[in-house]
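Source file: target-v2.txt (compact mmCIF, C-alpha atoms (C1' of nucleotides))
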# COMPACT_ATOMS: atom_id res chain seq x y z
CA MET A 1 10.35 15.70 -25.80
CA VAL A 2 9.44 14.61 -22.35
CA ASP A 3 5.85 15.41 -23.19
CA ASP A 4 5.94 13.31 -26.28
CA LEU A 5 5.33 9.92 -24.78
CA PRO A 6 5.31 10.36 -21.07
CA GLU A 7 3.63 6.99 -20.75
CA PRO A 8 3.99 5.29 -24.11
CA GLY A 9 0.90 3.84 -25.68
CA GLY A 10 -1.03 6.96 -25.57
CA LEU A 11 -3.12 8.65 -23.05
CA ASP A 12 -3.65 12.21 -24.11
CA PRO A 13 -2.13 14.91 -21.91
CA LEU A 14 -5.29 15.61 -19.96
CA GLU A 15 -5.93 11.94 -19.28
CA LEU A 16 -2.36 11.55 -18.18
CA ARG A 17 -2.50 14.55 -15.90
CA ALA A 18 -5.59 13.23 -14.20
CA TRP A 19 -4.33 9.65 -13.99
CA ARG A 20 -0.92 10.45 -12.65
CA GLY A 21 -2.38 12.99 -10.29
CA LEU A 22 -4.71 10.41 -8.87
CA ILE A 23 -2.26 7.58 -8.39
CA GLU A 24 0.63 9.72 -7.27
CA VAL A 25 -1.06 12.20 -4.99
CA THR A 26 -3.53 9.92 -3.25
CA PRO A 27 -0.78 7.80 -1.68
CA LEU A 28 1.09 10.93 -0.62
CA LEU A 29 -2.00 12.24 1.10
CA GLN A 30 -2.61 8.87 2.72
CA ARG A 31 0.92 8.61 3.96
CA HIS A 32 0.80 12.08 5.41
CA LEU A 33 -2.39 11.41 7.32
CA ASP A 34 -1.20 7.97 8.40
CA ARG A 35 1.86 9.50 9.94
CA LEU A 36 -0.17 12.06 11.83
CA LEU A 37 -2.48 9.35 13.08
CA MET A 38 0.39 7.14 14.18
CA ALA A 39 2.14 10.04 15.85
CA ASP A 40 -0.74 11.16 17.98
CA SER A 41 -2.67 7.94 18.57
CA GLY A 42 -0.35 5.04 17.86
CA LEU A 43 -2.84 3.79 15.28
CA SER A 44 -1.90 2.76 11.77
CA GLY A 45 -3.87 3.82 8.74
CA SER A 46 -5.24 0.31 8.54
CA ASP A 47 -6.43 0.24 12.10
CA TYR A 48 -8.63 3.22 11.53
CA PRO A 49 -11.37 1.91 9.23
CA VAL A 50 -11.64 -1.22 11.36
CA LEU A 51 -12.18 0.88 14.45
CA VAL A 52 -14.65 3.15 12.68
CA ALA A 53 -16.81 0.23 11.68
CA LEU A 54 -16.70 -1.40 15.09
CA HIS A 55 -17.36 1.85 16.86
CA GLU A 56 -20.37 2.68 14.74
CA ARG A 57 -21.80 -0.72 15.37
CA GLY A 58 -21.63 -1.22 19.10
CA GLU A 59 -23.86 -4.23 19.77
CA PRO A 60 -24.55 -6.75 18.46
CA ALA A 61 -20.98 -7.52 17.56
CA LEU A 62 -19.87 -7.68 13.96
CA ARG A 63 -18.83 -10.90 12.37
CA SER A 64 -15.64 -10.91 10.44
CA THR A 65 -17.37 -11.19 7.06
CA GLN A 66 -19.66 -8.26 7.71
CA LEU A 67 -16.75 -6.18 8.86
CA ALA A 68 -14.80 -7.03 5.74
CA ASP A 69 -17.73 -6.03 3.56
CA LEU A 70 -18.24 -2.78 5.42
CA ILE A 71 -14.71 -1.62 4.90
CA GLY A 72 -14.21 -3.31 1.55
CA TRP A 73 -11.36 -5.61 2.54
CA GLU A 74 -10.63 -9.17 1.62
CA GLN A 75 -11.21 -11.70 4.36
CA SER A 76 -7.63 -12.75 4.55
CA ARG A 77 -6.36 -9.25 4.99
CA LEU A 78 -8.85 -8.62 7.74
CA SER A 79 -7.97 -11.85 9.52
CA HIS A 80 -4.30 -10.95 9.53
CA HIS A 81 -4.98 -7.45 10.67
CA LEU A 82 -7.38 -8.45 13.42
CA ALA A 83 -4.72 -10.79 14.74
CA ARG A 84 -2.32 -7.89 14.98
CA MET A 85 -4.90 -5.58 16.50
CA GLU A 86 -5.92 -8.25 18.98
CA SER A 87 -2.33 -8.65 20.09
CA ARG A 88 -2.22 -4.93 20.73
CA GLY A 89 -5.36 -5.11 22.81
CA LEU A 90 -7.55 -3.02 20.52
CA VAL A 91 -10.13 -5.68 19.67
CA VAL A 92 -11.17 -9.16 20.74
CA ARG A 93 -12.49 -12.05 18.70
CA SER A 94 -14.84 -14.61 20.13
CA ARG A 95 -16.74 -17.53 18.69
CA HIS A 96 -20.39 -17.21 17.86
CA ARG A 97 -22.78 -19.14 20.12
CA SER A 98 -24.73 -21.06 17.57
CA ASP A 99 -22.34 -21.09 14.63
CA ASN A 100 -18.90 -22.02 15.72
CA ARG A 101 -17.29 -20.92 12.48
CA VAL A 102 -18.00 -17.24 12.80
CA ALA A 103 -15.76 -14.87 14.69
CA GLU A 104 -17.42 -11.99 16.44
CA VAL A 105 -15.29 -8.94 16.68
CA ARG A 106 -15.62 -6.28 19.37
CA LEU A 107 -13.74 -3.27 20.56
CA THR A 108 -12.00 -3.51 23.88
CA GLU A 109 -12.32 -0.58 26.21
CA HIS A 110 -8.81 0.40 25.26
CA GLY A 111 -9.75 0.18 21.60
CA ARG A 112 -12.81 2.33 22.10
CA ALA A 113 -10.95 4.96 24.07
CA THR A 114 -8.06 5.05 21.66
CA PHE A 115 -10.39 5.43 18.73
CA ARG A 116 -12.32 8.26 20.33
CA ARG A 117 -9.18 10.23 20.89
CA ALA A 118 -7.90 9.47 17.41
CA ALA A 119 -11.11 10.35 15.64
CA LYS A 120 -11.07 13.99 16.58
CA GLN A 121 -7.50 14.54 15.47
CA HIS A 122 -7.91 12.55 12.35
CA SER A 123 -11.09 14.21 11.20
CA GLN A 124 -9.44 17.53 11.71
CA ALA A 125 -6.48 16.40 9.64
CA VAL A 126 -8.76 15.27 6.83
CA ARG A 127 -10.41 18.65 6.89
CA THR A 128 -7.13 20.50 6.91
CA HIS A 129 -5.36 18.59 4.20
CA PHE A 130 -8.29 17.63 2.04
CA ALA A 131 -11.73 19.06 2.55
CA GLU A 132 -10.77 22.64 3.24
CA VAL A 133 -8.55 23.04 0.23
CA LEU A 134 -11.37 22.12 -2.15
CA SER A 135 -14.58 23.87 -3.14
CA SER A 136 -17.98 22.24 -2.83
CA ALA A 137 -18.10 21.85 -6.57
CA GLU A 138 -14.76 20.10 -6.52
CA LEU A 139 -15.82 17.81 -3.70
CA GLU A 140 -18.97 16.99 -5.58
CA ALA A 141 -17.08 16.30 -8.79
CA LEU A 142 -14.54 14.14 -6.98
CA ALA A 143 -17.22 12.12 -5.23
CA THR A 144 -19.04 11.58 -8.48
CA VAL A 145 -15.90 10.56 -10.32
CA MET A 146 -15.05 8.00 -7.66
CA GLU A 147 -18.52 6.56 -7.70
CA THR A 148 -18.41 6.29 -11.48
CA ILE A 149 -15.10 4.46 -11.40
CA LYS A 150 -16.28 2.13 -8.67
CA ASN A 151 -19.47 1.28 -10.50
CA HIS A 152 -17.55 0.53 -13.62
CA LEU A 153 -15.10 -1.69 -11.74
CA ASP A 154 -17.90 -3.60 -10.06
CA THR A 155 -19.69 -4.08 -13.34
CA ALA A 156 -16.70 -5.17 -15.36
CA MET B 157 -28.55 7.06 12.43
CA VAL B 158 -25.78 5.66 10.36
CA ASP B 159 -25.55 9.02 8.66
CA ASP B 160 -25.28 10.80 11.93
CA LEU B 161 -21.62 10.27 12.63
CA PRO B 162 -20.30 8.08 9.90
CA GLU B 163 -16.84 9.20 10.86
CA PRO B 164 -17.16 10.89 14.21
CA GLY B 165 -15.71 14.30 14.57
CA GLY B 166 -17.56 15.75 11.75
CA LEU B 167 -16.99 15.94 8.10
CA ASP B 168 -20.19 16.95 6.43
CA PRO B 169 -21.82 14.38 4.15
CA LEU B 170 -20.37 15.77 0.94
CA GLU B 171 -16.86 15.93 2.37
CA LEU B 172 -17.22 12.41 3.61
CA ARG B 173 -18.51 11.13 0.28
CA ALA B 174 -15.56 12.65 -1.52
CA TRP B 175 -13.01 11.56 1.05
CA ARG B 176 -14.16 8.00 1.38
CA GLY B 177 -14.58 7.74 -2.35
CA LEU B 178 -11.02 8.83 -2.88
CA ILE B 179 -9.33 6.61 -0.33
CA GLU B 180 -11.50 3.58 -0.92
CA VAL B 181 -11.83 3.58 -4.68
CA THR B 182 -8.31 4.57 -5.65
CA PRO B 183 -6.76 1.46 -4.08
CA LEU B 184 -9.42 -0.72 -5.72
CA LEU B 185 -8.59 0.73 -9.11
CA GLN B 186 -4.88 0.33 -8.45
CA ARG B 187 -5.28 -3.25 -7.40
CA HIS B 188 -7.33 -4.06 -10.44
CA LEU B 189 -4.79 -2.61 -12.82
CA ASP B 190 -1.90 -4.15 -10.92
CA ARG B 191 -3.42 -7.56 -11.34
CA LEU B 192 -3.88 -7.07 -15.04
CA LEU B 193 -0.30 -5.89 -15.35
CA MET B 194 1.03 -8.84 -13.38
CA ALA B 195 -1.10 -11.28 -15.35
CA ASP B 196 0.02 -10.20 -18.75
CA SER B 197 3.56 -8.95 -18.15
CA GLY B 198 4.76 -10.37 -14.86
CA LEU B 199 5.36 -6.83 -13.65
CA SER B 200 4.17 -5.50 -10.32
CA GLY B 201 2.52 -2.15 -10.00
CA SER B 202 5.70 -0.84 -8.42
CA ASP B 203 7.89 -1.99 -11.26
CA TYR B 204 5.98 0.08 -13.72
CA PRO B 205 6.84 3.68 -12.80
CA VAL B 206 10.48 2.70 -12.43
CA LEU B 207 10.49 1.26 -15.93
CA VAL B 208 8.64 4.27 -17.33
CA ALA B 209 11.25 6.65 -15.98
CA LEU B 210 14.18 4.58 -17.14
CA HIS B 211 12.65 4.02 -20.54
CA GLU B 212 11.98 7.68 -21.12
CA ARG B 213 15.49 8.53 -20.17
CA GLY B 214 17.69 6.22 -22.23
CA GLU B 215 21.19 7.66 -21.89
CA PRO B 216 22.82 9.02 -19.89
CA ALA B 217 21.77 6.66 -17.14
CA LEU B 218 19.76 7.90 -14.20
CA ARG B 219 21.21 8.04 -10.76
CA SER B 220 19.17 6.59 -7.96
CA THR B 221 18.34 9.97 -6.46
CA GLN B 222 17.09 11.41 -9.74
CA LEU B 223 15.00 8.35 -10.31
CA ALA B 224 13.49 8.62 -6.85
CA ASP B 225 12.63 12.26 -7.44
CA LEU B 226 11.08 11.53 -10.82
CA ILE B 227 8.70 8.97 -9.47
CA GLY B 228 8.26 10.56 -6.07
CA TRP B 229 9.64 7.72 -3.97
CA GLU B 230 11.82 7.71 -0.92
CA GLN B 231 15.38 6.58 -1.49
CA SER B 232 15.07 3.59 0.75
CA ARG B 233 12.01 2.28 -1.01
CA LEU B 234 13.72 2.65 -4.35
CA SER B 235 16.85 0.94 -3.13
CA HIS B 236 14.88 -2.05 -1.92
CA HIS B 237 12.86 -2.20 -5.06
CA LEU B 238 15.82 -1.87 -7.39
CA ALA B 239 17.42 -4.78 -5.56
CA ARG B 240 14.37 -6.88 -6.31
CA MET B 241 14.18 -5.73 -9.91
CA GLU B 242 17.87 -6.33 -10.38
CA SER B 243 17.52 -9.87 -9.12
CA ARG B 244 14.81 -10.40 -11.71
CA GLY B 245 17.04 -9.08 -14.45
CA LEU B 246 15.00 -5.98 -15.27
CA VAL B 247 17.61 -3.37 -14.37
CA VAL B 248 21.28 -3.10 -13.49
CA ARG B 249 23.05 -0.80 -11.09
CA SER B 250 26.63 0.32 -11.56
CA ARG B 251 28.92 2.74 -9.80
CA HIS B 252 29.49 6.20 -11.17
CA ARG B 253 32.96 6.89 -12.57
CA SER B 254 33.87 10.05 -10.73
CA ASP B 255 31.62 9.83 -7.69
CA ASN B 256 31.78 6.42 -6.21
CA ARG B 257 28.75 6.90 -4.04
CA VAL B 258 26.21 7.23 -6.78
CA ALA B 259 24.47 4.28 -8.35
CA GLU B 260 23.61 4.54 -12.02
CA VAL B 261 20.53 2.61 -12.99
CA ARG B 262 19.84 1.26 -16.46
CA LEU B 263 17.34 -1.00 -18.13
CA THR B 264 18.55 -4.36 -19.28
CA GLU B 265 17.42 -5.52 -22.69
CA HIS B 266 14.99 -7.80 -20.97
CA GLY B 267 13.70 -4.89 -18.93
CA ARG B 268 13.26 -2.75 -22.01
CA ALA B 269 11.47 -5.46 -23.94
CA THR B 270 9.23 -6.37 -21.04
CA PHE B 271 8.30 -2.78 -20.51
CA ARG B 272 7.44 -2.21 -24.14
CA ARG B 273 5.06 -5.11 -24.15
CA ALA B 274 3.56 -4.08 -20.84
CA ALA B 275 3.07 -0.45 -21.77
CA LYS B 276 0.56 -1.09 -24.52
CA GLN B 277 -1.62 -3.34 -22.41
CA HIS B 278 -1.37 -1.13 -19.41
CA SER B 279 -2.20 2.10 -21.17
CA GLN B 280 -5.19 0.41 -22.68
CA ALA B 281 -6.29 -0.75 -19.25
CA VAL B 282 -5.97 2.77 -17.87
CA ARG B 283 -8.09 4.02 -20.70
CA THR B 284 -10.69 1.33 -20.23
CA HIS B 285 -11.07 1.53 -16.49
CA PHE B 286 -10.35 5.18 -15.92
CA ALA B 287 -10.09 7.64 -18.78
CA GLU B 288 -12.98 6.40 -20.86
CA VAL B 289 -15.50 6.38 -18.07
CA LEU B 290 -14.96 10.07 -17.36
CA SER B 291 -15.77 13.22 -19.29
CA SER B 292 -13.15 15.81 -20.17
CA ALA B 293 -14.61 18.11 -17.58
CA GLU B 294 -14.29 15.41 -14.97
CA LEU B 295 -10.72 14.64 -15.95
CA GLU B 296 -9.90 18.30 -15.78
CA ALA B 297 -11.55 18.68 -12.38
CA LEU B 298 -9.78 15.60 -11.06
CA ALA B 299 -6.40 16.75 -12.29
CA THR B 300 -6.91 20.16 -10.75
CA VAL B 301 -8.04 18.71 -7.45
CA MET B 302 -4.98 16.49 -7.25
CA GLU B 303 -2.67 19.36 -8.04
CA THR B 304 -4.30 21.48 -5.39
CA ILE B 305 -3.92 18.79 -2.77
CA LYS B 306 -0.32 18.17 -3.73
CA ASN B 307 0.57 21.83 -3.58
CA HIS B 308 -0.98 22.12 -0.20
CA LEU B 309 0.89 19.09 1.08
CA ASP B 310 4.20 20.38 -0.24
CA THR B 311 3.60 23.77 1.31
CA ALA B 312 2.51 22.56 4.71
C1' DA C 313 -25.88 -41.52 10.60
C1' DG C 314 -22.56 -40.60 6.88
C1' DA C 315 -20.96 -38.17 2.99
C1' DC C 316 -20.52 -33.97 0.47
C1' DG C 317 -20.38 -29.40 -0.77
C1' DA C 318 -20.58 -24.89 0.95
C1' DT C 319 -19.34 -21.44 4.38
C1' DA C 320 -16.36 -18.79 7.82
C1' DT C 321 -12.10 -17.97 9.11
C1' DA C 322 -7.05 -18.85 9.75
C1' DT C 323 -2.39 -19.57 8.24
C1' DG C 324 2.18 -19.61 5.69
C1' DA C 325 4.99 -17.84 2.31
C1' DC C 326 6.29 -14.13 0.12
C1' DA C 327 6.44 -9.22 -1.96
C1' DC C 328 6.26 -4.65 -0.48
C1' DG C 329 7.06 0.03 2.20
C1' DT C 330 8.80 2.45 6.21
C1' DC C 331 11.79 3.62 9.72
C1' DA C 332 16.07 3.80 11.87
C1' DT C 333 20.54 3.11 11.16
C1' DG C 334 25.02 2.09 8.86
C1' DC C 335 28.82 3.22 6.03
C1' DA C 336 31.66 4.80 2.48
C1' DA C 337 32.71 8.65 -0.50
C1' DT C 338 32.82 13.59 -0.92
C1' DT C 339 32.93 18.45 0.36
C1' DG C 340 33.87 22.64 2.94
C1' DG C 341 36.19 25.16 6.54
C1' DC C 342 40.34 25.82 8.74
C1' DG D 343 46.09 18.52 3.98
C1' DC D 344 42.94 17.29 7.76
C1' DC D 345 38.69 16.58 10.12
C1' DA D 346 33.81 17.25 10.62
C1' DA D 347 29.65 17.49 8.33
C1' DT D 348 27.11 16.06 4.50
C1' DT D 349 25.66 13.20 0.68
C1' DG D 350 24.29 8.82 -1.70
C1' DC D 351 22.94 4.70 -1.10
C1' DA D 352 22.28 0.12 1.37
C1' DT D 353 20.58 -2.75 5.02
C1' DG D 354 17.81 -5.00 8.82
C1' DA D 355 13.79 -5.20 11.32
C1' DC D 356 9.23 -4.89 11.24
C1' DG D 357 4.25 -4.07 9.94
C1' DT D 358 1.42 -4.85 6.13
C1' DG D 359 -1.27 -7.05 1.86
C1' DT D 360 -1.91 -10.93 -1.34
C1' DC D 361 -2.28 -15.45 -2.92
C1' DA D 362 -2.89 -20.16 -2.26
C1' DT D 363 -4.18 -23.31 0.83
C1' DA D 364 -5.72 -25.35 5.22
C1' DT D 365 -9.15 -26.28 8.88
C1' DA D 366 -13.26 -26.49 11.07
C1' DT D 367 -18.09 -26.22 11.06
C1' DC D 368 -22.58 -26.33 9.00
C1' DG D 369 -26.50 -27.74 6.00
C1' DT D 370 -28.41 -31.06 3.19
C1' DC D 371 -29.35 -35.05 0.81
C1' DT D 372 -29.67 -39.85 1.13
Write-out of the structure in structure tokens:
Amino acid sequence: MVDDLPEPGGLDPLELRAWRGLIEVTPLLQRHLDRLLMADSGLSGSDYPVLVALHERGEPALRSTQLADLIGWEQSRLSHHLARMESRGLVVRSRHRSDNRVAEVRLTEHGRATFRRAAKQHSQAVRTHFAEVLSSAELEALATVMETIKNHLDTA
Amino acid sequence: MVDDLPEPGGLDPLELRAWRGLIEVTPLLQRHLDRLLMADSGLSGSDYPVLVALHERGEPALRSTQLADLIGWEQSRLSHHLARMESRGLVVRSRHRSDNRVAEVRLTEHGRATFRRAAKQHSQAVRTHFAEVLSSAELEALATVMETIKNHLDTA
DNA sequence: AGACGATATATGACACGTCATGCAATTGGC
DNA sequence: GCCAATTGCATGACGTGTCATATATCGTCT
């Protein structure tokens, strides 16, 4: 009865299991890791990818657009978030020498230090709650599935 | 060089591919489907699971706590969201006869009708952008992976 | 030089989710 | 029957994401 039309309009049971699993569990996992990150570094889940990208880059500084592309965010979201991160002293924005429109984004020393501390803990958490509970075959399958979906989304 | 420490602290390349795929692509897929849903039903991605649960149930009405459990939300989130949905005329809340603390939640006729229209489109979109691009083996692997992760989260 | 379209980013309004807290109704021990 | 603890839900404050729009700068064509 409950299994009859769990989501009316008809995905078959396997499709439904996979779909619901994906959209229900992924946020749970995210939330769990975000809380750990916040608890032991004071960083939000959104801060993290920004810091990763900036940390990998070093010099020359990243412009806002490049940063957005790297982490797959919309410009507007990044602008808002950089404003918040700037007010917390994690990053700084400065104007580009020759093109006054572009904003160059850099880590502050505090940002760099905070990220370094966070990265160890966070990577460990990803291992503990994600990587280590799956086999190589499962990781491979998952990676492939995500790439397939992304390609299809980009194409469509 | 870029591949050296893509996320410092050390996930191996396969782990990283799977992890980044999961947390980057899932939100993209969500966002895409949410926009479709909003465009052709005026429903947000958050409205949908609430409506699914209420629609499947019929009578007797669901109490807020049961509803939250069914869709895996925290009470507070549900309370906020029901307030918004109520103001849009999709659901109604009423007090339980014998226990005056509990809120019984029901679909309005408008909610029911809106959901029915939305469900067809949305299921089709899930098929198009998710189920149909994957093989049965991939769906099975994905479902299993998500269940494994969830079990581990619940245990830990 | 001036006008025009394109480019790079910022901003305001609003929906959403979380956390901490509030409060009323109920239950369990005495 | 009374009081403390618990339960069920609501609320306010705040950080976040999206959409539509604004603003400033740049390149180019004339």
Report as a ChimeraX atom specification the set of chain C residues whose atoms approach chain A to within 9 Å, with distances computed over all atoms listed in the file. /C:319-323
Same residues, C-alpha atoms (C1' of nucleotides), output as a PDB file, keeping the file's coordinate frame:
ATOM      1  C1'  DT C 319     -19.340 -21.440   4.380  1.00  0.00           C
ATOM      2  C1'  DA C 320     -16.360 -18.790   7.820  1.00  0.00           C
ATOM      3  C1'  DT C 321     -12.100 -17.970   9.110  1.00  0.00           C
ATOM      4  C1'  DA C 322      -7.050 -18.850   9.750  1.00  0.00           C
ATOM      5  C1'  DT C 323      -2.390 -19.570   8.240  1.00  0.00           C
TER       6       DT C 323
END
Closest-contact table, chain D side, partner chain B, 12 Å, counting all atoms listed in the file, as a tab-separated table:
residue	atom	partner	partner_atom	distance
D:DT349	C1'	B:Arg257	CA	8.5
D:DG350	C1'	B:Arg257	CA	5.4
D:DC351	C1'	B:Arg257	CA	6.9
D:DA352	C1'	B:Ser235	CA	7.1
D:DT353	C1'	B:His236	CA	9.0
D:DG354	C1'	B:His236	CA	11.5
D:DG359	C1'	B:Arg187	CA	10.8
D:DT360	C1'	B:Arg187	CA	10.3
D:DC361	C1'	B:Arg191	CA	11.6
note - atom CA of Phe130 of chain A and atom CA of Arg17 of chain A are separated by 19.1 Å
Just checking: using only C-alpha atoms (C1' of nucleotides), which residue out of D:DT370, D:DC356, D:DT365, D:DC344 ends up closest to DA332 of chain C? D:DC356
So, with only C-alpha atoms as the atoms that count, which of B:Leu192, B:Ala209, B:Ser243, B:Ser197 lies closest to chain A?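 The answer is B:Ala209, which sits nearest to chain A.
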Could you name the residues that touch DC316 of chain C at 12 Å or less, counting all atoms listed in the file, but leaving out those on the same chain fewer than 4 positions away, as a count of residues only? 5
Using Å and a single decimal, report how far atom CA of His308 of chain B sits from atom CA of Ser123 of chain A. 17.2 Å
Quick one: of B:Gly245, B:Pro216, B:Pro205, B:Gly198, who's nearest to chain A, counting only C-alpha atoms?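 Closest residue, counting only C-alpha atoms: B:Pro205.
For the atom pair formed by atom CA of Leu193 of chain B and atom CA of Arg176 of chain B, the distance is 25.8 Å, given to one decimal.
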A:His110, A:Asp34, A:Leu11, A:Ser44: which is nearest chain B, counting only C-alpha atoms? A:Leu11
Name the residues in contact with segment 301-307 of chain B at a cut-off of 12 Å, using only C-alpha atoms (C1' of nucleotides), excluding same-chain residues fewer than 2 positions from it; report them as JSON, numbers by chain. {"A": [17, 18, 19, 20, 21, 22, 23, 24, 25, 26, 27, 28, 29, 30, 32, 126, 127, 128, 129, 130, 131, 132, 133, 134, 135, 136, 137, 138, 139, 140, 141, 142, 143, 145], "B": [174, 178, 228, 294, 295, 296, 297, 298, 299, 309, 310, 311, 312]}
With distances taken over all atoms listed in the file, which residue among B:Leu170, B:Met194, B:Ala269, B:Leu246 lies nearest chain A? B:Leu170
Tell me, as a ChimeraX atom specification, which residues lie within 12 Å of Arg272 of chain B, counting only C-alpha atoms (C1' of nucleotides); anything in the same chain fewer than 3 positions away does not count. /A:7-9 /B:197,199,204,207-208,210-212,263,265-269,275-279
Residue nearest chain B - candidates A:Val105, A:Leu82, A:Leu62, A:Ala118, atoms counted: all atoms listed in the file: A:Ala118
